[in-house]
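For reference, upload_22.cif is printed below; it contains mmCIF, C-alpha atoms and all ligand atoms.
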data_run
#
loop_
_atom_site.group_PDB
_atom_site.id
_atom_site.type_symbol
_atom_site.label_atom_id
_atom_site.label_comp_id
_atom_site.auth_asym_id
_atom_site.auth_seq_id
_atom_site.Cartn_x
_atom_site.Cartn_y
_atom_site.Cartn_z
ATOM 1 C CA MET A 1 -12.611 40.588 29.215
ATOM 2 C CA LEU A 2 -15.557 39.073 27.297
ATOM 3 C CA ARG A 3 -14.531 36.782 24.425
ATOM 4 C CA ILE A 4 -16.839 36.743 21.367
ATOM 5 C CA ALA A 5 -16.555 33.983 18.740
ATOM 6 C CA VAL A 6 -17.262 35.305 15.238
ATOM 7 C CA GLN A 7 -16.919 33.911 11.719
ATOM 8 C CA SER A 8 -13.455 34.577 10.292
ATOM 9 C CA LYS A 9 -14.696 34.895 6.715
ATOM 10 C CA GLY A 10 -17.910 34.111 4.890
ATOM 11 C CA ARG A 11 -21.465 35.316 4.724
ATOM 12 C CA LEU A 12 -21.737 36.307 8.397
ATOM 13 C CA TYR A 13 -18.472 38.213 8.570
ATOM 14 C CA ASP A 14 -19.335 41.634 7.087
ATOM 15 C CA GLU A 15 -22.557 42.206 8.986
ATOM 16 C CA THR A 16 -21.095 40.879 12.237
ATOM 17 C CA MET A 17 -18.212 43.341 11.995
ATOM 18 C CA GLU A 18 -20.592 46.137 10.998
ATOM 19 C CA LEU A 19 -22.830 45.473 14.007
ATOM 20 C CA LEU A 20 -19.877 45.483 16.417
ATOM 21 C CA SER A 21 -18.495 48.617 14.831
ATOM 22 C CA GLU A 22 -21.876 50.376 15.077
ATOM 23 C CA ALA A 23 -21.910 49.326 18.731
ATOM 24 C CA GLY A 24 -18.732 51.400 19.079
ATOM 25 C CA ILE A 25 -16.275 48.495 19.309
ATOM 26 C CA LYS A 26 -12.966 49.266 17.626
ATOM 27 C CA LEU A 27 -10.385 46.540 17.147
ATOM 28 C CA VAL A 28 -6.648 46.632 17.574
ATOM 29 C CA ALA A 29 -5.233 46.454 14.029
ATOM 30 C CA MET A 30 -3.874 42.913 13.734
ATOM 31 C CA LYS A 31 -3.833 40.883 10.570
ATOM 32 C CA ARG A 32 -4.164 37.106 10.387
ATOM 33 C CA THR A 33 -4.581 36.636 14.114
ATOM 34 C CA LEU A 34 -7.100 34.303 15.652
ATOM 35 C CA LEU A 35 -7.704 36.451 18.716
ATOM 36 C CA VAL A 36 -8.058 40.212 18.349
ATOM 37 C CA PRO A 37 -8.754 42.517 21.299
ATOM 38 C CA SER A 38 -10.757 45.721 21.115
ATOM 39 C CA ARG A 39 -8.886 48.916 21.838
ATOM 40 C CA ASN A 40 -11.792 50.745 23.440
ATOM 41 C CA PHE A 41 -14.130 48.110 24.954
ATOM 42 C CA PRO A 42 -13.308 45.095 27.180
ATOM 43 C CA VAL A 43 -13.972 42.391 24.560
ATOM 44 C CA GLU A 44 -11.801 40.268 22.296
ATOM 45 C CA LEU A 45 -12.884 38.550 19.083
ATOM 46 C CA LEU A 46 -12.066 34.902 18.411
ATOM 47 C CA PHE A 47 -12.193 34.285 14.650
ATOM 48 C CA LEU A 48 -13.424 30.793 13.722
ATOM 49 C CA ARG A 49 -15.245 28.829 11.024
ATOM 50 C CA ASP A 50 -18.960 29.169 11.681
ATOM 51 C CA ASP A 51 -19.273 25.385 12.263
ATOM 52 C CA ASP A 52 -16.972 25.695 15.283
ATOM 53 C CA ILE A 53 -18.743 28.610 16.963
ATOM 54 C CA PRO A 54 -21.486 26.681 18.864
ATOM 55 C CA ASP A 55 -18.866 24.273 20.202
ATOM 56 C CA SER A 56 -16.454 27.008 21.276
ATOM 57 C CA VAL A 57 -19.236 28.720 23.254
ATOM 58 C CA ALA A 58 -20.489 25.449 24.776
ATOM 59 C CA ALA A 59 -16.950 24.520 25.819
ATOM 60 C CA GLY A 60 -16.281 27.969 27.282
ATOM 61 C CA THR A 61 -13.438 28.795 24.855
ATOM 62 C CA ALA A 62 -15.554 31.826 23.970
ATOM 63 C CA ASP A 63 -18.109 33.471 26.290
ATOM 64 C CA ILE A 64 -20.587 34.360 23.558
ATOM 65 C CA GLY A 65 -20.769 33.900 19.787
ATOM 66 C CA ILE A 66 -22.452 35.198 16.649
ATOM 67 C CA VAL A 67 -23.590 32.443 14.277
ATOM 68 C CA GLY A 68 -26.515 31.318 12.104
ATOM 69 C CA LEU A 69 -29.440 29.698 13.931
ATOM 70 C CA ASN A 70 -29.117 26.808 11.452
ATOM 71 C CA GLU A 71 -25.656 25.970 12.826
ATOM 72 C CA VAL A 72 -26.861 26.255 16.424
ATOM 73 C CA LEU A 73 -29.736 23.833 15.838
ATOM 74 C CA GLU A 74 -27.631 21.438 13.755
ATOM 75 C CA LYS A 75 -24.785 21.198 16.242
ATOM 76 C CA LYS A 76 -27.085 20.690 19.278
ATOM 77 C CA ARG A 77 -24.455 21.977 21.691
ATOM 78 C CA ASN A 78 -25.305 23.237 25.136
ATOM 79 C CA VAL A 79 -25.785 26.908 24.244
ATOM 80 C CA ASN A 80 -28.646 29.342 24.542
ATOM 81 C CA ILE A 81 -29.864 32.069 22.242
ATOM 82 C CA ILE A 82 -29.457 35.489 23.813
ATOM 83 C CA ARG A 83 -30.816 37.575 20.957
ATOM 84 C CA ASN A 84 -31.801 37.367 17.303
ATOM 85 C CA LEU A 85 -29.668 39.722 15.237
ATOM 86 C CA GLY A 86 -31.817 40.126 12.115
ATOM 87 C CA PHE A 87 -29.146 39.615 9.453
ATOM 88 C CA SER A 88 -28.032 36.666 7.251
ATOM 89 C CA LYS A 89 -31.653 35.655 6.935
ATOM 90 C CA CYS A 90 -32.249 32.428 5.046
ATOM 91 C CA ARG A 91 -34.297 29.266 5.274
ATOM 92 C CA LEU A 92 -33.542 25.556 5.326
ATOM 93 C CA SER A 93 -35.774 23.856 2.809
ATOM 94 C CA LEU A 94 -36.435 20.576 1.081
ATOM 95 C CA ALA A 95 -36.328 20.750 -2.706
ATOM 96 C CA ILE A 96 -37.107 18.158 -5.355
ATOM 97 C CA PRO A 97 -36.566 18.006 -9.142
ATOM 98 C CA LYS A 98 -38.973 20.366 -10.898
ATOM 99 C CA SER A 99 -40.255 17.518 -13.040
ATOM 100 C CA SER A 100 -41.461 15.491 -10.023
ATOM 101 C CA GLN A 101 -45.026 15.542 -8.791
ATOM 102 C CA TYR A 102 -45.016 16.597 -5.127
ATOM 103 C CA THR A 103 -47.633 14.940 -2.996
ATOM 104 C CA GLY A 104 -46.689 16.111 0.504
ATOM 105 C CA VAL A 105 -44.004 15.089 3.021
ATOM 106 C CA GLU A 106 -44.735 11.405 2.295
ATOM 107 C CA TRP A 107 -43.069 11.992 -1.101
ATOM 108 C CA PHE A 108 -39.738 11.654 0.756
ATOM 109 C CA GLN A 109 -40.540 8.173 2.134
ATOM 110 C CA GLY A 110 -37.661 5.864 1.100
ATOM 111 C CA LYS A 111 -35.977 8.603 -0.949
ATOM 112 C CA LYS A 112 -32.353 9.690 -0.789
ATOM 113 C CA ILE A 113 -31.848 13.290 0.383
ATOM 114 C CA ALA A 114 -28.518 15.109 0.107
ATOM 115 C CA THR A 115 -27.728 17.679 2.812
ATOM 116 C CA SER A 116 -25.125 19.276 5.051
ATOM 117 C CA TYR A 117 -27.735 19.464 7.830
ATOM 118 C CA PRO A 118 -28.491 15.821 8.759
ATOM 119 C CA GLY A 119 -29.503 16.657 12.343
ATOM 120 C CA ILE A 120 -32.232 19.182 11.496
ATOM 121 C CA LEU A 121 -33.421 17.018 8.594
ATOM 122 C CA SER A 122 -33.729 13.813 10.610
ATOM 123 C CA ASP A 123 -35.667 15.664 13.352
ATOM 124 C CA PHE A 124 -38.064 16.971 10.682
ATOM 125 C CA LEU A 125 -38.520 13.563 9.040
ATOM 126 C CA GLU A 126 -39.079 11.895 12.388
ATOM 127 C CA LYS A 127 -41.699 14.477 13.339
ATOM 128 C CA ASN A 128 -43.452 13.713 10.054
ATOM 129 C CA ASN A 129 -43.183 9.923 10.449
ATOM 130 C CA THR A 130 -41.180 9.685 7.259
ATOM 131 C CA SER A 131 -38.046 7.628 6.810
ATOM 132 C CA ALA A 132 -35.578 8.583 4.128
ATOM 133 C CA HIS A 133 -31.879 7.983 3.459
ATOM 134 C CA ILE A 134 -29.830 11.011 4.433
ATOM 135 C CA HIS A 135 -26.736 11.464 2.306
ATOM 136 C CA VAL A 136 -24.368 13.925 3.987
ATOM 137 C CA ILE A 137 -22.283 16.114 1.699
ATOM 138 C CA SER A 138 -20.459 19.241 2.710
ATOM 139 C CA GLY A 139 -20.821 21.497 -0.317
ATOM 140 C CA SER A 140 -22.639 21.950 -3.656
ATOM 141 C CA VAL A 141 -25.621 20.028 -2.336
ATOM 142 C CA GLU A 142 -27.797 21.474 -5.105
ATOM 143 C CA ILE A 143 -26.087 19.454 -7.835
ATOM 144 C CA ALA A 144 -26.770 16.070 -6.163
ATOM 145 C CA PRO A 145 -30.101 15.257 -7.894
ATOM 146 C CA GLY A 146 -28.746 16.355 -11.301
ATOM 147 C CA ILE A 147 -25.793 13.967 -11.097
ATOM 148 C CA GLY A 148 -27.927 11.151 -9.801
ATOM 149 C CA ILE A 149 -26.588 10.786 -6.254
ATOM 150 C CA ALA A 150 -29.814 11.853 -4.522
ATOM 151 C CA ASP A 151 -33.545 12.241 -5.228
ATOM 152 C CA ALA A 152 -33.883 15.525 -3.356
ATOM 153 C CA ILE A 153 -31.926 18.043 -1.321
ATOM 154 C CA PHE A 154 -32.229 19.785 2.019
ATOM 155 C CA ASP A 155 -30.258 23.022 1.933
ATOM 156 C CA ILE A 156 -30.065 26.719 2.699
ATOM 157 C CA VAL A 157 -32.157 28.910 0.425
ATOM 158 C CA SER A 158 -31.993 32.651 0.269
ATOM 159 C CA SER A 159 -33.152 34.183 -3.037
ATOM 160 C CA GLY A 160 -33.999 30.757 -4.479
ATOM 161 C CA SER A 161 -31.960 31.308 -7.640
ATOM 162 C CA THR A 162 -29.580 28.401 -6.935
ATOM 163 C CA LEU A 163 -32.585 26.063 -6.847
ATOM 164 C CA VAL A 164 -34.021 27.499 -10.059
ATOM 165 C CA SER A 165 -30.746 27.161 -11.938
ATOM 166 C CA ASN A 166 -30.517 23.517 -10.855
ATOM 167 C CA ASN A 167 -34.101 22.734 -11.883
ATOM 168 C CA LEU A 168 -35.197 22.188 -8.311
ATOM 169 C CA LEU A 169 -38.446 23.157 -6.637
ATOM 170 C CA GLU A 170 -38.662 24.195 -2.975
ATOM 171 C CA VAL A 171 -41.442 22.128 -1.429
ATOM 172 C CA GLU A 172 -41.037 22.385 2.359
ATOM 173 C CA THR A 173 -39.536 25.165 4.479
ATOM 174 C CA VAL A 174 -38.246 23.474 7.598
ATOM 175 C CA LEU A 175 -36.518 26.351 9.384
ATOM 176 C CA ASN A 176 -36.259 30.127 9.098
ATOM 177 C CA SER A 177 -32.798 31.181 10.151
ATOM 178 C CA GLU A 178 -30.881 34.370 10.897
ATOM 179 C CA ALA A 179 -27.732 35.300 12.784
ATOM 180 C CA VAL A 180 -28.112 34.939 16.552
ATOM 181 C CA LEU A 181 -26.069 35.869 19.594
ATOM 182 C CA ILE A 182 -25.455 32.769 21.700
ATOM 183 C CA GLY A 183 -24.138 32.207 25.207
ATOM 184 C CA GLY A 184 -22.993 29.154 27.158
ATOM 185 C CA SER A 185 -24.870 27.338 29.869
ATOM 186 C CA LYS A 186 -22.602 28.449 32.727
ATOM 187 C CA PRO A 187 -23.235 31.903 34.220
ATOM 188 C CA LEU A 188 -20.687 34.561 33.252
ATOM 189 C CA SER A 189 -18.485 36.201 35.867
ATOM 190 C CA ALA A 190 -20.061 39.373 37.292
ATOM 191 C CA GLU A 191 -17.566 41.446 35.339
ATOM 192 C CA ASN A 192 -18.309 39.708 32.007
ATOM 193 C CA GLN A 193 -22.060 39.848 32.618
ATOM 194 C CA GLU A 194 -21.760 43.602 33.013
ATOM 195 C CA ILE A 195 -19.830 43.843 29.716
ATOM 196 C CA LEU A 196 -22.481 41.704 27.990
ATOM 197 C CA ASN A 197 -25.257 43.918 29.381
ATOM 198 C CA GLU A 198 -23.527 47.007 27.993
ATOM 199 C CA LEU A 199 -23.034 45.282 24.626
ATOM 200 C CA LEU A 200 -26.725 44.284 24.506
ATOM 201 C CA PHE A 201 -27.761 47.832 25.391
ATOM 202 C CA ARG A 202 -25.690 49.134 22.471
ATOM 203 C CA ILE A 203 -27.002 46.471 20.060
ATOM 204 C CA GLU A 204 -30.533 47.472 21.102
ATOM 205 C CA ALA A 205 -29.788 51.113 20.186
ATOM 206 C CA VAL A 206 -28.290 50.125 16.818
ATOM 207 C CA LYS A 207 -31.231 47.856 15.983
ATOM 208 C CA ALA A 208 -33.833 50.418 17.059
ATOM 209 C CA ALA A 209 -32.346 52.946 14.600
ATOM 210 C CA GLU A 210 -32.328 50.482 11.702
ATOM 211 C CA ASN A 211 -34.665 51.392 8.864
ATOM 212 C CA LYS A 212 -35.560 54.688 10.509
ATOM 213 C CA LYS A 213 -35.115 58.216 9.155
ATOM 214 C CA TYR A 214 -35.185 61.541 10.951
ATOM 215 C CA VAL A 215 -37.352 63.987 9.015
ATOM 216 C CA LEU A 216 -37.397 67.790 9.506
ATOM 217 C CA MET A 217 -39.757 70.146 7.696
ATOM 218 C CA ASN A 218 -41.273 73.597 7.741
ATOM 219 C CA VAL A 219 -45.026 73.682 8.182
ATOM 220 C CA PRO A 220 -47.526 76.569 7.979
ATOM 221 C CA ARG A 221 -49.177 76.923 11.431
ATOM 222 C CA GLU A 222 -52.678 76.535 10.013
ATOM 223 C CA LYS A 223 -51.704 73.127 8.530
ATOM 224 C CA LEU A 224 -49.906 71.897 11.646
ATOM 225 C CA ASP A 225 -52.670 69.641 12.966
ATOM 226 C CA ASP A 226 -53.201 67.976 9.572
ATOM 227 C CA ILE A 227 -49.509 67.294 9.127
ATOM 228 C CA VAL A 228 -48.903 66.042 12.682
ATOM 229 C CA ALA A 229 -51.742 63.572 12.150
ATOM 230 C CA LEU A 230 -49.789 62.133 9.197
ATOM 231 C CA LEU A 231 -46.567 61.616 11.201
ATOM 232 C CA PRO A 232 -46.041 58.443 13.198
ATOM 233 C CA GLY A 233 -43.471 59.749 15.735
ATOM 234 C CA ILE A 234 -41.765 57.811 18.519
ATOM 235 C CA LYS A 235 -44.164 59.456 20.962
ATOM 236 C CA SER A 236 -45.207 62.653 19.226
ATOM 237 C CA PRO A 237 -43.304 64.880 16.804
ATOM 238 C CA THR A 238 -41.201 67.792 18.062
ATOM 239 C CA ILE A 239 -42.594 71.191 17.083
ATOM 240 C CA LEU A 240 -40.336 74.254 17.185
ATOM 241 C CA SER A 241 -41.191 77.893 16.565
ATOM 242 C CA LEU A 242 -39.648 79.767 13.664
ATOM 243 C CA ALA A 243 -38.870 83.502 13.398
ATOM 244 C CA ASP A 244 -41.863 83.782 11.072
ATOM 245 C CA GLN A 245 -44.881 83.376 13.405
ATOM 246 C CA ASN A 246 -46.932 81.734 10.654
ATOM 247 C CA TRP A 247 -44.541 78.793 10.260
ATOM 248 C CA CYS A 248 -43.021 76.173 12.536
ATOM 249 C CA SER A 249 -40.463 73.404 12.217
ATOM 250 C CA VAL A 250 -41.583 69.808 12.744
ATOM 251 C CA HIS A 251 -39.178 66.907 13.502
ATOM 252 C CA ALA A 252 -40.166 63.244 13.490
ATOM 253 C CA VAL A 253 -38.825 59.704 13.117
ATOM 254 C CA VAL A 254 -40.274 57.853 10.147
ATOM 255 C CA ASN A 255 -39.965 54.158 9.349
ATOM 256 C CA GLU A 256 -38.273 53.623 5.998
ATOM 257 C CA LYS A 257 -41.062 51.226 5.015
ATOM 258 C CA HIS A 258 -43.629 54.046 5.038
ATOM 259 C CA PHE A 259 -41.170 56.726 4.045
ATOM 260 C CA TRP A 260 -42.250 57.691 0.490
ATOM 261 C CA GLU A 261 -45.898 57.398 1.381
ATOM 262 C CA VAL A 262 -45.504 59.729 4.384
ATOM 263 C CA ILE A 263 -43.316 62.231 2.483
ATOM 264 C CA GLY A 264 -45.840 62.390 -0.367
ATOM 265 C CA LYS A 265 -48.715 63.029 2.017
ATOM 266 C CA ILE A 266 -47.005 65.709 4.114
ATOM 267 C CA LYS A 267 -45.797 67.529 0.991
ATOM 268 C CA ALA A 268 -49.314 67.535 -0.420
ATOM 269 C CA ALA A 269 -50.571 68.812 2.943
ATOM 270 C CA GLY A 270 -48.302 71.877 2.749
ATOM 271 C CA ALA A 271 -44.946 70.950 4.317
ATOM 272 C CA GLU A 272 -41.890 72.596 2.742
ATOM 273 C CA GLY A 273 -38.090 72.313 2.998
ATOM 274 C CA ILE A 274 -38.259 68.632 3.957
ATOM 275 C CA LEU A 275 -34.890 67.312 5.189
ATOM 276 C CA VAL A 276 -34.252 63.593 5.667
ATOM 277 C CA LEU A 277 -31.382 62.390 7.865
ATOM 278 C CA ASP A 278 -30.026 58.950 8.766
ATOM 279 C CA ILE A 279 -30.280 57.950 12.410
ATOM 280 C CA GLU A 280 -27.191 56.240 13.759
ATOM 281 C CA LYS A 281 -28.415 55.046 17.165
ATOM 282 C CA MET A 282 -31.668 55.284 19.056
ATOM 283 C CA VAL A 283 -31.848 54.814 22.840
ATOM 284 C CA LEU A 284 -35.474 54.223 23.747
HETATM 285 O O1 LIG B 1 -16.020 28.827 6.192
HETATM 286 P P1 LIG B 1 -17.175 28.707 7.112
HETATM 287 O O2 LIG B 1 -17.436 27.301 7.560
HETATM 288 O O3 LIG B 1 -17.075 29.690 8.253
HETATM 289 O O4 LIG B 1 -18.450 29.223 6.294
HETATM 290 P P2 LIG B 1 -19.539 28.391 5.469
HETATM 291 O O5 LIG B 1 -19.054 28.284 4.058
HETATM 292 O O6 LIG B 1 -19.928 27.143 6.194
HETATM 293 O O7 LIG B 1 -20.803 29.327 5.584
HETATM 294 P P3 LIG B 1 -21.215 30.645 4.768
HETATM 295 O O8 LIG B 1 -20.249 31.739 5.064
HETATM 296 O O9 LIG B 1 -21.512 30.319 3.351
HETATM 297 O O10 LIG B 1 -22.628 30.924 5.480
HETATM 298 C C1 LIG B 1 -22.694 31.261 6.832
HETATM 299 C C2 LIG B 1 -24.152 31.380 7.244
HETATM 300 O O11 LIG B 1 -24.806 32.373 6.458
HETATM 301 C C3 LIG B 1 -25.007 30.144 7.032
HETATM 302 O O12 LIG B 1 -24.828 29.168 8.042
HETATM 303 C C4 LIG B 1 -26.413 30.741 7.067
HETATM 304 O O13 LIG B 1 -26.835 30.934 8.411
HETATM 305 C C5 LIG B 1 -26.210 32.130 6.443
HETATM 306 N N1 LIG B 1 -26.698 32.257 5.045
HETATM 307 C C6 LIG B 1 -27.551 33.224 4.617
HETATM 308 C C7 LIG B 1 -26.401 31.484 3.975
HETATM 309 C C8 LIG B 1 -27.100 32.006 2.873
HETATM 310 N N2 LIG B 1 -27.800 33.086 3.312
HETATM 311 C C9 LIG B 1 -26.986 31.369 1.574
HETATM 312 N N3 LIG B 1 -27.623 31.831 0.627
HETATM 313 N N4 LIG B 1 -25.597 30.404 3.822
HETATM 314 C C10 LIG B 1 -25.466 29.834 2.603
HETATM 315 N N5 LIG B 1 -26.135 30.245 1.485
HETATM 316 C C11 LIG B 1 -25.889 29.468 0.208
HETATM 317 C C12 LIG B 1 -26.669 28.162 0.158
HETATM 318 O O14 LIG B 1 -25.917 27.105 0.707
HETATM 319 C C13 LIG B 1 -26.901 27.920 -1.334
HETATM 320 O O15 LIG B 1 -25.827 27.279 -1.929
HETATM 321 O O16 LIG B 1 -26.290 30.166 -0.908
HETATM 322 C C14 LIG B 1 -26.965 29.319 -1.850
HETATM 323 C C15 LIG B 1 -28.411 29.681 -1.981
HETATM 324 O O17 LIG B 1 -28.586 31.018 -2.198
HETATM 325 P P4 LIG B 1 -29.766 31.526 -3.161
HETATM 326 O O18 LIG B 1 -29.770 33.009 -2.920
HETATM 327 O O19 LIG B 1 -29.387 31.166 -4.568
HETATM 328 O O20 LIG B 1 -31.043 30.871 -2.704
HETATM 329 ZN ZN ZN B 2 -19.263 26.469 7.849
#

Show me this structure written as structure tokens.
Ligand code: PRT
Ligand code: ZN
Amino acid sequence: MLRIAVQSKGRLYDETMELLSEAGIKLVAMKRTLLVPSRNFPVELLFLRDDDIPDSVAAGTADIGIVGLNEVLEKKRNVNIIRNLGFSKCRLSLAIPKSSQYTGVEWFQGKKIATSYPGILSDFLEKNNTSAHIHVISGSVEIAPGIGIADAIFDIVSSGSTLVSNNLLEVETVLNSEAVLIGGSKPLSAENQEILNELLFRIEAVKAAENKKYVLMNVPREKLDDIVALLPGIKSPTILSLADQNWCSVHAVVNEKHFWEVIGKIKAAGAEGILVLDIEKMVL
């Protein structure tokens, strides 16, 4: 049985549960329990505060964990990153009052900076030969300059709107973070390693299908070459015959990023009856 530490509630929770569910892991229905087994896969979930996840994996209470890279780097526990998971993306940045004139990292020399991430901040300041007073607070860091308890802040930024509404200006991005899968330093048992390998294989298939659409269309034979040239398939698009000899059916995988552009072009080139389907998993 492989034990996975996950956040019990908060910003990581929904996407963590969605990823595990897309990987086919169904949980035994249990409310308000710390440890919940799966009913169809040999894993159990240990629900914790995100701050405790690196420690639980380092100590071996959990075999692996899903947590923000920011927490992993702040806690400096003996864990390793198995895989980036691509969700809960954010950055850890330094921000100063909008009215201040920023001159570069030396601006922070001798200043007081409020943060919940003293470890990452002091590493950054040290690397930049800057010494500042780090004032550790656990929440609402963004209000510190406004109420006069700090000159600047070092905090998580996502859209940036919290900074704007507190009259702060982001001046240095210190770390780009996202959710990561972490493991401990000791090797897993052969049985647990096999479970982890299967889990990683499934995560790979879920991630490969993300932002991809399966597109089917009818194409006149004489336009086939033009249209195939417009389709970026996995290898090459599938082409099937239709009852009408003059037409064929073309299937391809299209990246959502280029989706409208590709659809517009293939329609203009003569494709008809275009169907667009979601792809659930993709095993490459
Ligand atoms: O209770 P527990 O300790 O488990 O949770 P928590 O309250 O410590 O953490 P939580 O759930 O808020 O965040 C968990 C993780 O989500 C963080 O460690 C980050 O890796 C990631 N994450 C992604 C974020 C954000 N985006 C985010 N926007 N964590 C916090 N924020 C906050 C930020 O602190 C700031 O106050 O949102 C505000 C900024 O957002 P914008 O969009 O206004 O810039
Ligand atoms: Zn936390």

Under the PyMOL selection byres (((chain A and resi 107) around 12) and not hetatm), which residues of this model are included? Write them out as number ranges by chain. A: 94-97, 100-106, 108-113, 125, 128-132, 151-152, 171-172

Step by step, measure atom-to-atom distances between ligand ZN 2 (chain B) and each residue using only C-alpha atoms and all ligand atoms, keep those at most 6 Å, then write them as number ranges by chain. A: 49-51

For range 211-235 of chain A versus range 250-265 of chain A, which residues have an atom no more than 9 Å away, and what is each residue's nearest atom pair and distance in Å rounded to one decimal, using only C-alpha atoms, chain-then-number order, as a tab-separated table?
residue	atom	partner	partner_atom	distance
A:Asn211	CA	A:Glu256	CA	5.1
A:Lys212	CA	A:Asn255	CA	4.6
A:Lys213	CA	A:Val254	CA	5.3
A:Tyr214	CA	A:Val253	CA	4.6
A:Val215	CA	A:Ala252	CA	5.3
A:Leu216	CA	A:His251	CA	4.5
A:Met217	CA	A:Val250	CA	5.4
A:Asn218	CA	A:Val250	CA	6.3
A:Val219	CA	A:Val250	CA	6.9
A:Leu224	CA	A:Val250	CA	8.7
A:Ile227	CA	A:Lys265	CA	8.3
A:Val228	CA	A:Val250	CA	8.2
A:Leu230	CA	A:Val262	CA	6.9
A:Leu231	CA	A:Ala252	CA	7.0
A:Pro232	CA	A:Val254	CA	6.6
A:Gly233	CA	A:Ala252	CA	5.3
A:Ile234	CA	A:Val253	CA	6.4

Collect all residues with atoms no farther than 8 Å from ligand LIG 1 (chain B), counting only C-alpha atoms and all ligand atoms, and output them as a PyMOL selection string. chain A and resi 7-13+48-52+67-71+88-91+139-142+155-163+177-179

Nearest-residue call for Glu18 in chain A, choices A:Ala271, A:Leu85, A:Ala144, A:Leu92, using only C-alpha atoms: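 Going through A:Ala271, A:Leu85, A:Ala144, A:Leu92 one by one, the smallest distance to Glu18 in chain A is for A:Leu85.
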
What do you get, as a list in words, if you spell out every residue that the PyMOL selection byres (((chain A and resi 44) around 8) and not hetatm) selects here? Met1, Leu2, Arg3, Ile4, Leu35, Val36, Pro37, Ser38, Pro42, Val43, Leu45 and Leu46 of chain A

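Across the structure, CA of Pro187 in chain A and CA of Asn80 in chain A are spaced 11.4 Å apart.
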
Output check: residues returned by the PyMOL selection byres (((chain A and resi 114) around 6) and not hetatm), as a VMD selection string: chain A and resid 113 115 135 to 136 150 153

When you draw a straight line from CA of Met30 in chain A to CA of Leu200 in chain A, how long is it in Å?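 Taking CA of Met30 in chain A and CA of Leu200 in chain A, their separation equals 25.3 Å.
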
From A:Ser56, A:Thr16, A:Thr173, A:Ser21, residue lying nearest Phe41 in chain A [all atoms listed in the file]: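 Result for the nearest residue to Phe41 in chain A: A:Ser21.
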
So, counting all atoms listed in the file, which residue among A:Glu198, A:Asp244, A:Glu204, A:Asp226 is closest to Leu19 in chain A?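 Closest to Leu19 in chain A of all the choices is A:Glu204.
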
Kindly give the distance, in Å, that separates CA of Ile203 in chain A and CA of Gly184 in chain A, rounded to a single decimal.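 Separating CA of Ile203 in chain A from CA of Gly184 in chain A is a distance of 19.1 Å.
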
Box dimensions and centre (Å, one decimal) enclosing range 49-66 of chain A, axis-aligned, 6 Å extra per side, as AutoDock Vina command-line options:
--center_x -17.9 --center_y 29.7 --center_z 19.2 --size_x 21.0 --size_y 22.9 --size_z 28.3

Which is closest to Asp63 in chain A among A:Lys26, A:Arg39, A:Lys76, A:Lys186, if we use all atoms listed in the file?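 Of A:Lys26, A:Arg39, A:Lys76, A:Lys186, the one nearest Asp63 in chain A is A:Lys186, counting all atoms listed in the file.
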
Residue among A:Pro237, A:Lys98, A:Lys223, A:Thr61 lying closest to Glu170 in chain A, counting all atoms listed in the file: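 Among the listed residues, A:Lys98 lies closest to Glu170 in chain A.
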
Taking the point (-24.3, 23.2, 23.7) as given in the file, collect each protein or nucleic acid residue that comes within 12 Å of it, counting all atoms listed in the file, and present the set as a list in words.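 Those residues lying close to the given coordinates are Asp52, Ile53, Pro54, Asp55, Ser56, Val57, Ala58, Ala59, Gly60, Ile64, Gly65, Glu71, Val72, Leu73, Glu74, Lys75, Lys76, Arg77, Asn78, Val79, Asn80, Ile81, Ile182, Gly183, Gly184, Ser185 and Lys186 of chain A.
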
Which of A:Asp278, A:Asp123, A:Glu222, A:Glu22 sits closest to Lys207 in chain A [using only C-alpha atoms]: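 When distances to Lys207 in chain A are compared using only C-alpha atoms, the smallest one comes from A:Glu22.
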